[in-house]
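The block underneath contains the structure these notes are about, expressed in structure tokens.
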Amino acid sequence: MATGDEELSVGISTGSSGAAVTDRAAEIAAPTSEHGPRRRGWWLLVIGAIVVAGAAVWYLLVVGDQRDVESEQVQLATTSIQIRDLAEFEELEGSLEFAEGLTFNASVAGSLTFLADDGLIVERGDIIAVISDELTALQMAQINQSIQSAESQVASARNNVASITDQPSEAEIVNAEVAVQAALKALDDLLEPPSEVELAEAALAVESARDAANDARDGVEPEDLLALEQQVDQASASLASARNGVDTALVSALTAQSAYCALPTIPVSVCDEDDLPLSTGETDDLVEAVSDFLAAGDSPSAQTTQSFITANVGYDNALNSVETAELNVEVAENNLSEAEAGVPQEELDRLQINLTRAAEAYDDLVAGPNDTEIAQAESNLLNARDRLADLIAGADPAAVNAAYSSLESAQAGLEVQRLNAAEQLATGSTYTVLMYGTAPAWRDLSVGSSMGPDITQLESNLAALGFDAGGSLSVDGIYDEATATAVSTWQESLGLEATGEVSLGSVVFVEGPSLVDDQLGVLGSTVNPSSPLLSLTPTRTGEELVTTQRVVAQLPLSDRSLLDIGTEVTIDLPDGTDVPATVLDIGNVPLGGGADGSEAYVEVEIQPFEPIDEVWIGADVDVEVTAELAADVLSVPVSALLALVEGGYAIEIPEGDGTRLVGVETGMFADGFVEISGAGLQAGMEVVVPR
């Protein structure tokens, strides 16, 4: 019977059939469990066959000739041959988690006044953060400094225009005439023989140079040696710090490398520790891969790859810092060694050169000016006379045009600084609202913005929230007047100014409803762009909001052929609940295995068809995988099998007032049933089973 263990009463005849019923030691039984057998061993079949064969021999020897002696009425239990699926299962161990989360960062500077609470599920349209953009004292000082610098440039340009276009004043002409007289006097002084004072100063310079050379030969003072020793200590401390920085940077780089190499698609194969630091070409390829991920709408992969690039740059910089620190230690130690050994010959040579030059200067003064010095003095006199002539003649038109152009440029720069200051001084708050989508928010949006997936996502969310501009909003990726109207209505619903424009930071796109894992920002603190605020984990994703819950299990390499992406499996929860699921991803890199004899495995990512109660997040679960399947086969309970003396098996079929044996071929054993085949067998036929 296909639906239970109900019993049917039939008449019992004498002879072998009755003996077969009463001597059920010849029957085969197999254990059953709630979820079916787990890789039943062949040894069960061997033991069962031995027991059945022994019972059959006993039956033939002891009872065989007594068939016609007794005629006794007994009751037989029967069931029917069924058509069913028989399967053997393999169990994998895993844990239930959500898919990888993301970090939401601030996009503007200001004071953090609101954050969504830890453990909260935030959905489309929920406000997750509020940042007040009131300026700090430092920001105000920076604004004032920028304006003052621009004003100074305008004033300088105006003075230049005035100096070129205005007629020279009497004072300017007088100054130019004085410059001419000064140049003339310098030439005359050069041609005059040196005075006693000049000779005395030159002689003093020679004496000073000689004293410096002598002091150097006498050695280094103790306080100078102490200073050099301190320089060695400081350089050594910097080297130790730099080496610690390399260790820290390497850990960060390896962590980022591991996250990158765990991506479903790895655009650049750099997954060995020896690959770090990356070459310039590999880094450029990863930067291009980030752009490709963003273009494909794969923001998590783009962020993971960018983090790997940043960590690698940090590691490369740390290595360079160690090289620089080692060089500094070497230089400091060399300086100390040279000081302890005395003034190096190079320094003595330099001081000797200074002495020689001072002596030459004294000799030159005594000898008088040379032709070059006289020519330079005459050139200075000529330039001073030309300047005086230019003042008297008036301004050059080309110079006037250039001066006015410089003034206009400076005035435009001042206007830009004032506009920037006005925008920054406009106090208010930035509300960040969660919306669904895979493309990141990366720009300000308004009428005229270029078409893009971020606009499509915005329009889709506005429509889903009921802000469809009276039905005129089209989800087409074009920011038109209807989109602006929908945005204005949405802004009014939040109590914000209805600008019809979406500034960067007003919206954050995630894949679906998300769990707030952690508040990374501190309420009341000042944040800057890129400051981390919240850790979010999407709990559902896609247009149909499919769950992001995942079970990560270990699949032994010997069982790798059991699963493919898309294979349907069953998740067994700790309370015994079975949840249908599918294989989402299978790792390519074998893990584990080694000297301890453990078998290598790959990680399998499994997604339930429906969300599982979040009380089981983090719990250990089993994953039931079909190892072998016999579909739509004739089957009977294992206990209905009888072993034949001549070998093989039979089942007992009620017939008239008695029964008869029918030989069968056996197939798969599973769930307490066995697959059978044989002539004349069909579904629904009654067979005898133990009572």
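Note on naming: chains are A, B, ... as they come in the structure tokens, residues start from 1 per chain, ligands start from 1 in the order shown.
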
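Within 12 Å of A:Gln148, once only C-alpha atoms are used and residues closer than 4 positions along the same chain are dropped, the contacting residues are A:Ala141, A:Gln142, A:Ile143, A:Asn144, A:Ser152, A:Gln153, A:Val154, A:Ala155, A:Gly413, A:Leu414, A:Glu415, A:Gln417, A:Arg418, A:Ala421.
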
If we count only C-alpha atoms and set the cut-off at 9 Å, which residues sit around A:Val130, ignoring sequence neighbours fewer than 3 positions away in its own chain? Please answer as an mmCIF file with N, CA, C and O atoms, in the first residue's frame.
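Ended up saving to part-v7.cif:
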data_model
loop_
_atom_site.group_PDB
_atom_site.id
_atom_site.type_symbol
_atom_site.label_atom_id
_atom_site.label_comp_id
_atom_site.auth_asym_id
_atom_site.auth_seq_id
_atom_site.Cartn_x
_atom_site.Cartn_y
_atom_site.Cartn_z
ATOM 1 N N SER A 111 27.929 67.755 10.828
ATOM 2 C CA SER A 111 27.709 67.121 12.125
ATOM 3 C C SER A 111 26.669 66.013 11.975
ATOM 4 O O SER A 111 25.589 66.218 11.407
ATOM 5 N N LEU A 112 26.982 64.806 12.460
ATOM 6 C CA LEU A 112 26.100 63.651 12.343
ATOM 7 C C LEU A 112 24.999 63.746 13.406
ATOM 8 O O LEU A 112 25.268 63.673 14.603
ATOM 9 N N THR A 113 23.740 63.904 12.951
ATOM 10 C CA THR A 113 22.629 64.100 13.885
ATOM 11 C C THR A 113 21.669 62.913 13.957
ATOM 12 O O THR A 113 20.829 62.864 14.842
ATOM 13 N N PHE A 114 21.754 61.949 13.011
ATOM 14 C CA PHE A 114 20.853 60.787 13.054
ATOM 15 C C PHE A 114 21.503 59.617 12.340
ATOM 16 O O PHE A 114 22.134 59.784 11.294
ATOM 17 N N LEU A 115 21.328 58.405 12.913
ATOM 18 C CA LEU A 115 21.737 57.159 12.273
ATOM 19 C C LEU A 115 20.696 56.095 12.568
ATOM 20 O O LEU A 115 20.144 56.043 13.678
ATOM 21 N N ILE A 127 14.822 56.809 5.997
ATOM 22 C CA ILE A 127 15.969 57.694 6.245
ATOM 23 C C ILE A 127 16.963 56.921 7.106
ATOM 24 O O ILE A 127 16.619 56.401 8.164
ATOM 25 N N SER A 429 20.613 70.546 6.261
ATOM 26 C CA SER A 429 20.938 69.166 6.592
ATOM 27 C C SER A 429 20.778 68.303 5.361
ATOM 28 O O SER A 429 19.916 68.555 4.512
ATOM 29 N N THR A 430 21.616 67.282 5.253
ATOM 30 C CA THR A 430 21.531 66.300 4.179
ATOM 31 C C THR A 430 20.890 65.033 4.733
ATOM 32 O O THR A 430 21.437 64.400 5.636
ATOM 33 N N TYR A 431 19.702 64.691 4.203
ATOM 34 C CA TYR A 431 19.009 63.466 4.576
ATOM 35 C C TYR A 431 19.399 62.385 3.580
ATOM 36 O O TYR A 431 19.272 62.577 2.369
ATOM 37 N N THR A 432 19.872 61.248 4.073
ATOM 38 C CA THR A 432 20.209 60.127 3.196
ATOM 39 C C THR A 432 19.113 59.078 3.304
ATOM 40 O O THR A 432 18.824 58.583 4.388
#

_atom CA of A:Phe98 to atom CA of A:Ala295, straight-line distance in Å_ = 25.3 Å

Mind dumping a table of every stretch 95-179 of chain A residue within 10 Å of stretch 522-543 of chain A, with the nearest atom pair and its distance in Å to one decimal, using only C-alpha atoms, sorted by chain and rising number, as a Markdown table?
| residue | atom | partner | partner_atom | distance |
| --- | --- | --- | --- | --- |
| A:Glu97 | CA | A:Thr539 | CA | 9.9 |
| A:Phe98 | CA | A:Thr539 | CA | 6.6 |
| A:Ala99 | CA | A:Thr537 | CA | 7.1 |
| A:Glu100 | CA | A:Thr537 | CA | 6.6 |
| A:Gly101 | CA | A:Thr537 | CA | 4.0 |
| A:Leu102 | CA | A:Leu536 | CA | 5.3 |
| A:Thr103 | CA | A:Ser535 | CA | 4.5 |
| A:Phe104 | CA | A:Leu534 | CA | 5.2 |
| A:Asn105 | CA | A:Pro532 | CA | 4.2 |
| A:Ala106 | CA | A:Pro529 | CA | 5.1 |
| A:Ser107 | CA | A:Pro529 | CA | 4.5 |
| A:Val108 | CA | A:Pro529 | CA | 4.8 |
| A:Ala109 | CA | A:Asn528 | CA | 4.3 |
| A:Gly110 | CA | A:Thr526 | CA | 5.5 |
| A:Ser111 | CA | A:Thr526 | CA | 4.5 |
| A:Leu112 | CA | A:Gly524 | CA | 5.2 |
| A:Thr113 | CA | A:Leu523 | CA | 5.6 |
| A:Phe114 | CA | A:Leu523 | CA | 6.4 |
| A:Leu115 | CA | A:Leu523 | CA | 7.3 |
| A:Ala116 | CA | A:Leu534 | CA | 8.1 |
| A:Asp117 | CA | A:Leu534 | CA | 9.4 |
| A:Asp118 | CA | A:Leu534 | CA | 8.9 |
| A:Gly119 | CA | A:Leu536 | CA | 9.7 |
| A:Leu120 | CA | A:Leu536 | CA | 9.8 |
| A:Ile121 | CA | A:Thr539 | CA | 8.4 |
| A:Val122 | CA | A:Leu536 | CA | 9.1 |
| A:Glu123 | CA | A:Pro538 | CA | 9.7 |
| A:Ile128 | CA | A:Leu534 | CA | 8.5 |
| A:Ala129 | CA | A:Leu533 | CA | 8.1 |
| A:Val130 | CA | A:Leu523 | CA | 9.8 |
| A:Ile131 | CA | A:Val527 | CA | 8.3 |
| A:Ser132 | CA | A:Thr526 | CA | 9.2 |
| A:Asp133 | CA | A:Thr526 | CA | 9.5 |
| A:Glu134 | CA | A:Thr526 | CA | 9.9 |
| A:Leu135 | CA | A:Thr526 | CA | 9.9 |
| A:Thr136 | CA | A:Thr526 | CA | 8.8 |

*Find the residues near A:Ala498: any atom within 9 Å, counting only C-alpha atoms, skip ones fewer than 4 places away on the same chain, and give them as a PyMOL selection string.*
chain A and resi 485+487-492

*Can you list, as a ChimeraX atom specification, every protein, DNA or RNA residue that comes within 12 Å of A:Ser558 when you count only C-alpha atoms, leaving out same-chain residues fewer than 3 positions away?*
/A:90,554-555,561-563,590,599-602,627

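Near A:Asp575, within 12 Å and counting only C-alpha atoms, sit Asp613, Val615, Trp616, Ala619, Asp620, Val621 and Asp622 of chain A; same-chain residues fewer than 6 positions away were not included.
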
Keeping N, CA, C and O atoms for every residue in the selection just given, could you write it to a file as a PDB file, in the first residue's frame?
ATOM      1  N   ASP A 613      13.648  31.791   8.879  1.00  0.00           N
ATOM      2  CA  ASP A 613      13.532  32.620  10.085  1.00  0.00           C
ATOM      3  C   ASP A 613      14.928  33.064  10.536  1.00  0.00           C
ATOM      4  O   ASP A 613      15.851  32.252  10.680  1.00  0.00           O
ATOM      5  N   VAL A 615      16.125  33.763  13.172  1.00  0.00           N
ATOM      6  CA  VAL A 615      16.633  33.215  14.432  1.00  0.00           C
ATOM      7  C   VAL A 615      17.725  32.184  14.169  1.00  0.00           C
ATOM      8  O   VAL A 615      18.577  31.926  15.024  1.00  0.00           O
ATOM      9  N   TRP A 616      17.739  31.620  12.931  1.00  0.00           N
ATOM     10  CA  TRP A 616      18.736  30.597  12.603  1.00  0.00           C
ATOM     11  C   TRP A 616      19.990  31.172  11.967  1.00  0.00           C
ATOM     12  O   TRP A 616      20.891  30.410  11.613  1.00  0.00           O
ATOM     13  N   ALA A 619      23.566  29.775  12.714  1.00  0.00           N
ATOM     14  CA  ALA A 619      23.454  28.406  13.230  1.00  0.00           C
ATOM     15  C   ALA A 619      24.100  27.412  12.266  1.00  0.00           C
ATOM     16  O   ALA A 619      24.153  27.631  11.056  1.00  0.00           O
ATOM     17  N   ASP A 620      24.589  26.285  12.820  1.00  0.00           N
ATOM     18  CA  ASP A 620      25.104  25.188  12.002  1.00  0.00           C
ATOM     19  C   ASP A 620      23.924  24.388  11.458  1.00  0.00           C
ATOM     20  O   ASP A 620      22.984  24.056  12.198  1.00  0.00           O
ATOM     21  N   VAL A 621      23.959  24.088  10.162  1.00  0.00           N
ATOM     22  CA  VAL A 621      22.882  23.349   9.510  1.00  0.00           C
ATOM     23  C   VAL A 621      23.498  22.239   8.651  1.00  0.00           C
ATOM     24  O   VAL A 621      24.696  22.245   8.363  1.00  0.00           O
ATOM     25  N   ASP A 622      22.644  21.286   8.270  1.00  0.00           N
ATOM     26  CA  ASP A 622      23.054  20.234   7.341  1.00  0.00           C
ATOM     27  C   ASP A 622      22.418  20.502   5.986  1.00  0.00           C
ATOM     28  O   ASP A 622      21.295  21.023   5.898  1.00  0.00           O
TER      29      ASP A 622
END

*asked:* When DSSP is applied to the backbone of this structure, which of stretch 259-414 of chain A are assigned alpha helix (DSSP H)? Write them out as a PyMOL selection string.
replied: chain A and resi 259-261+280-295+299-341+345-367+371-393+397-414

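Each of A:Ala262, A:Val287, A:Leu591, A:Val475 was compared to A:Asp454 using only C-alpha atoms, and A:Val475 turns out to be the nearest.
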
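Here the question is which of A:Asp349, A:Asp85, A:Asp468, A:Asp126 gets nearest to A:Leu434 using only C-alpha atoms, and that residue is A:Asp126.
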
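Atom CA of A:Leu278 sits 17.5 Å away from atom CA of A:Val322.
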
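Atom CA of A:Gly658 is positioned 18.4 Å from atom CA of A:Ile81.
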
*Please identify all polymer residues within 10 Å of A:Asp572, counting only C-alpha atoms, omitting same-chain residues fewer than 6 positions from it, and present them as a ChimeraX atom specification.*
/A:35,91,93,578-580,620-624

*Apply DSSP to the backbone of this structure and, from stretch 392-602 of chain A, keep only the residues in strand (DSSP E); write these as a ChimeraX atom specification.*
/A:429-436,507-510,514-519,526-527,532-538,540-541,546-547,549-556,568-572,578-586,601-602

Take the residues that were just selected and, keeping C-alpha atoms, output them as an mmCIF file, in the first residue's frame.
data_model
loop_
_atom_site.group_PDB
_atom_site.id
_atom_site.type_symbol
_atom_site.label_atom_id
_atom_site.label_comp_id
_atom_site.auth_asym_id
_atom_site.auth_seq_id
_atom_site.Cartn_x
_atom_site.Cartn_y
_atom_site.Cartn_z
ATOM 1 C CA SER A 429 20.938 69.166 6.592
ATOM 2 C CA THR A 430 21.531 66.300 4.179
ATOM 3 C CA TYR A 431 19.009 63.466 4.576
ATOM 4 C CA THR A 432 20.209 60.127 3.196
ATOM 5 C CA VAL A 433 17.369 57.839 2.096
ATOM 6 C CA LEU A 434 17.731 54.137 1.262
ATOM 7 C CA MET A 435 16.519 53.031 -2.167
ATOM 8 C CA TYR A 436 16.857 49.761 -4.070
ATOM 9 C CA VAL A 507 20.220 58.646 -1.775
ATOM 10 C CA VAL A 508 22.123 55.398 -1.218
ATOM 11 C CA PHE A 509 21.272 52.425 -3.451
ATOM 12 C CA VAL A 510 21.409 48.882 -1.991
ATOM 13 C CA SER A 514 18.979 45.634 4.645
ATOM 14 C CA LEU A 515 19.962 44.837 8.199
ATOM 15 C CA VAL A 516 21.869 47.555 10.085
ATOM 16 C CA ASP A 517 24.790 45.487 11.385
ATOM 17 C CA ASP A 518 26.620 48.288 13.147
ATOM 18 C CA GLN A 519 26.638 52.051 13.665
ATOM 19 C CA THR A 526 31.921 65.879 12.881
ATOM 20 C CA VAL A 527 32.241 63.692 9.789
ATOM 21 C CA PRO A 532 32.123 55.326 7.524
ATOM 22 C CA LEU A 533 28.621 55.668 9.008
ATOM 23 C CA LEU A 534 26.771 52.325 8.825
ATOM 24 C CA SER A 535 27.436 48.671 8.064
ATOM 25 C CA LEU A 536 24.490 47.312 6.027
ATOM 26 C CA THR A 537 23.708 43.728 4.982
ATOM 27 C CA PRO A 538 20.974 43.252 2.334
ATOM 28 C CA ARG A 540 16.715 40.361 0.123
ATOM 29 C CA THR A 541 17.692 41.425 -3.376
ATOM 30 C CA VAL A 546 14.949 37.124 -3.321
ATOM 31 C CA THR A 547 16.540 36.303 0.025
ATOM 32 C CA GLN A 549 20.552 34.215 3.031
ATOM 33 C CA ARG A 550 23.304 31.753 2.201
ATOM 34 C CA VAL A 551 24.597 28.464 3.557
ATOM 35 C CA VAL A 552 28.314 27.981 3.007
ATOM 36 C CA ALA A 553 29.105 24.248 3.164
ATOM 37 C CA GLN A 554 32.172 22.115 2.529
ATOM 38 C CA LEU A 555 31.966 19.640 -0.378
ATOM 39 C CA PRO A 556 34.711 16.955 -0.358
ATOM 40 C CA GLU A 568 18.369 21.546 -5.944
ATOM 41 C CA VAL A 569 19.212 20.452 -2.377
ATOM 42 C CA THR A 570 17.554 20.507 1.056
ATOM 43 C CA ILE A 571 18.670 22.510 4.096
ATOM 44 C CA ASP A 572 18.002 20.690 7.403
ATOM 45 C CA ASP A 578 13.533 20.895 5.775
ATOM 46 C CA VAL A 579 13.946 23.920 3.489
ATOM 47 C CA PRO A 580 14.319 23.526 -0.302
ATOM 48 C CA ALA A 581 17.318 25.357 -1.749
ATOM 49 C CA THR A 582 19.599 25.581 -4.785
ATOM 50 C CA VAL A 583 23.360 25.652 -5.345
ATOM 51 C CA LEU A 584 24.359 29.244 -6.105
ATOM 52 C CA ASP A 585 28.136 28.925 -6.451
ATOM 53 C CA ILE A 586 30.905 26.320 -6.194
ATOM 54 C CA TYR A 601 37.200 20.277 -0.205
ATOM 55 C CA VAL A 602 35.629 23.201 -2.049
#

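Closest to A:Val687 among A:Ala367, A:Val206, A:Leu391, A:Ala77 is A:Ala77, based on only C-alpha atoms.
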
*Looking at A:Val638, A:Ala203, A:Leu445, A:Ala183, which one is nearest to A:Ile478, with distances taken over only C-alpha atoms?*
A:Leu445

*Excluding A:Asp284 and any residue of its chain fewer than 3 positions from it, enumerate the residues within 12 Å of it, using only C-alpha atoms, and give them as JSON, numbers by chain.*
{"A": [267, 268, 278, 279, 280, 281, 287, 288, 289, 290, 291, 305, 306, 309, 313]}

Could you save the residues just selected, with all heavy atoms, as a tab-separated table (two decimals), in the first residue's frame?
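Result went into again.tsv, see below:
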chain	number	residue	atom	x	y	z
A	267	PRO	N	39.28	39.29	-12.67
A	267	PRO	CA	39.80	39.79	-13.95
A	267	PRO	C	41.31	39.69	-14.09
A	267	PRO	O	41.82	39.58	-15.19
A	267	PRO	CB	39.33	41.26	-13.95
A	267	PRO	CG	39.10	41.59	-12.52
A	267	PRO	CD	38.65	40.34	-11.87
A	268	VAL	N	42.04	39.75	-12.98
A	268	VAL	CA	43.51	39.66	-13.02
A	268	VAL	C	43.94	38.61	-12.01
A	268	VAL	O	43.58	38.68	-10.84
A	268	VAL	CB	44.17	41.02	-12.68
A	268	VAL	CG1	45.69	40.90	-12.82
A	268	VAL	CG2	43.65	42.12	-13.59
A	278	LEU	N	51.92	44.48	-6.33
A	278	LEU	CA	51.58	44.33	-7.74
A	278	LEU	C	52.46	45.25	-8.60
A	278	LEU	O	52.94	46.30	-8.15
A	278	LEU	CB	50.11	44.69	-7.97
A	278	LEU	CG	49.10	43.89	-7.15
A	278	LEU	CD1	47.69	44.37	-7.48
A	278	LEU	CD2	49.22	42.40	-7.40
A	279	SER	N	52.64	44.83	-9.85
A	279	SER	CA	53.35	45.68	-10.79
A	279	SER	C	52.44	46.82	-11.23
A	279	SER	O	51.22	46.80	-11.02
A	279	SER	CB	53.79	44.87	-12.00
A	279	SER	OG	52.66	44.42	-12.73
A	280	THR	N	53.05	47.80	-11.88
A	280	THR	CA	52.26	48.94	-12.38
A	280	THR	C	51.22	48.47	-13.39
A	280	THR	O	50.07	48.90	-13.38
A	280	THR	CB	53.19	49.98	-13.03
A	280	THR	OG1	54.13	50.42	-12.05
A	280	THR	CG2	52.38	51.17	-13.54
A	281	GLY	N	51.61	47.53	-14.25
A	281	GLY	CA	50.67	47.03	-15.26
A	281	GLY	C	49.50	46.30	-14.62
A	281	GLY	O	48.36	46.46	-15.04
A	287	VAL	N	42.50	48.64	-12.03
A	287	VAL	CA	41.74	49.90	-12.11
A	287	VAL	C	40.73	49.82	-13.24
A	287	VAL	O	39.57	50.22	-13.10
A	287	VAL	CB	42.71	51.08	-12.31
A	287	VAL	CG1	41.91	52.36	-12.63
A	287	VAL	CG2	43.55	51.30	-11.06
A	288	GLU	N	41.14	49.25	-14.38
A	288	GLU	CA	40.21	49.09	-15.50
A	288	GLU	C	39.10	48.11	-15.14
A	288	GLU	O	37.95	48.29	-15.51
A	288	GLU	CB	40.99	48.58	-16.71
A	288	GLU	CG	40.13	48.45	-17.96
A	288	GLU	CD	40.94	48.01	-19.18
A	288	GLU	OE1	42.18	48.01	-19.09
A	288	GLU	OE2	40.31	47.70	-20.21
A	289	ALA	N	39.44	47.08	-14.35
A	289	ALA	CA	38.43	46.11	-13.93
A	289	ALA	C	37.38	46.75	-13.04
A	289	ALA	O	36.21	46.40	-13.10
A	289	ALA	CB	39.11	44.95	-13.19
A	290	VAL	N	37.79	47.71	-12.19
A	290	VAL	CA	36.82	48.43	-11.35
A	290	VAL	C	35.78	49.12	-12.22
A	290	VAL	O	34.57	49.07	-11.98
A	290	VAL	CB	37.54	49.44	-10.43
A	290	VAL	CG1	36.51	50.33	-9.73
A	290	VAL	CG2	38.38	48.72	-9.39
A	291	SER	N	36.28	49.78	-13.29
A	291	SER	CA	35.36	50.47	-14.22
A	291	SER	C	34.42	49.47	-14.87
A	291	SER	O	33.23	49.73	-15.04
A	291	SER	CB	36.16	51.23	-15.27
A	291	SER	OG	36.99	52.19	-14.69
A	305	THR	N	37.56	45.12	-5.35
A	305	THR	CA	38.75	45.29	-6.20
A	305	THR	C	39.46	46.60	-5.87
A	305	THR	O	40.69	46.66	-5.79
A	305	THR	CB	38.35	45.25	-7.67
A	305	THR	OG1	37.63	44.04	-7.94
A	305	THR	CG2	39.60	45.28	-8.55
A	306	GLN	N	38.67	47.68	-5.64
A	306	GLN	CA	39.29	48.98	-5.30
A	306	GLN	C	40.01	48.89	-3.97
A	306	GLN	O	41.10	49.46	-3.80
A	306	GLN	CB	38.20	50.07	-5.26
A	306	GLN	CG	38.75	51.46	-4.98
A	306	GLN	CD	39.73	51.91	-6.03
A	306	GLN	OE1	39.43	51.89	-7.22
A	306	GLN	NE2	40.92	52.29	-5.64
A	309	ILE	N	43.31	47.33	-4.56
A	309	ILE	CA	44.25	48.29	-5.16
A	309	ILE	C	44.83	49.20	-4.08
A	309	ILE	O	46.04	49.42	-3.99
A	309	ILE	CB	43.54	49.11	-6.25
A	309	ILE	CG1	43.13	48.20	-7.42
A	309	ILE	CG2	44.47	50.22	-6.77
A	309	ILE	CD1	42.25	48.89	-8.44
A	313	VAL	N	48.75	49.53	-2.82
A	313	VAL	CA	49.51	50.79	-2.85
A	313	VAL	C	50.11	51.09	-1.47
A	313	VAL	O	51.25	51.52	-1.35
A	313	VAL	CB	48.60	51.95	-3.32
A	313	VAL	CG1	49.31	53.29	-3.16
A	313	VAL	CG2	48.21	51.75	-4.77
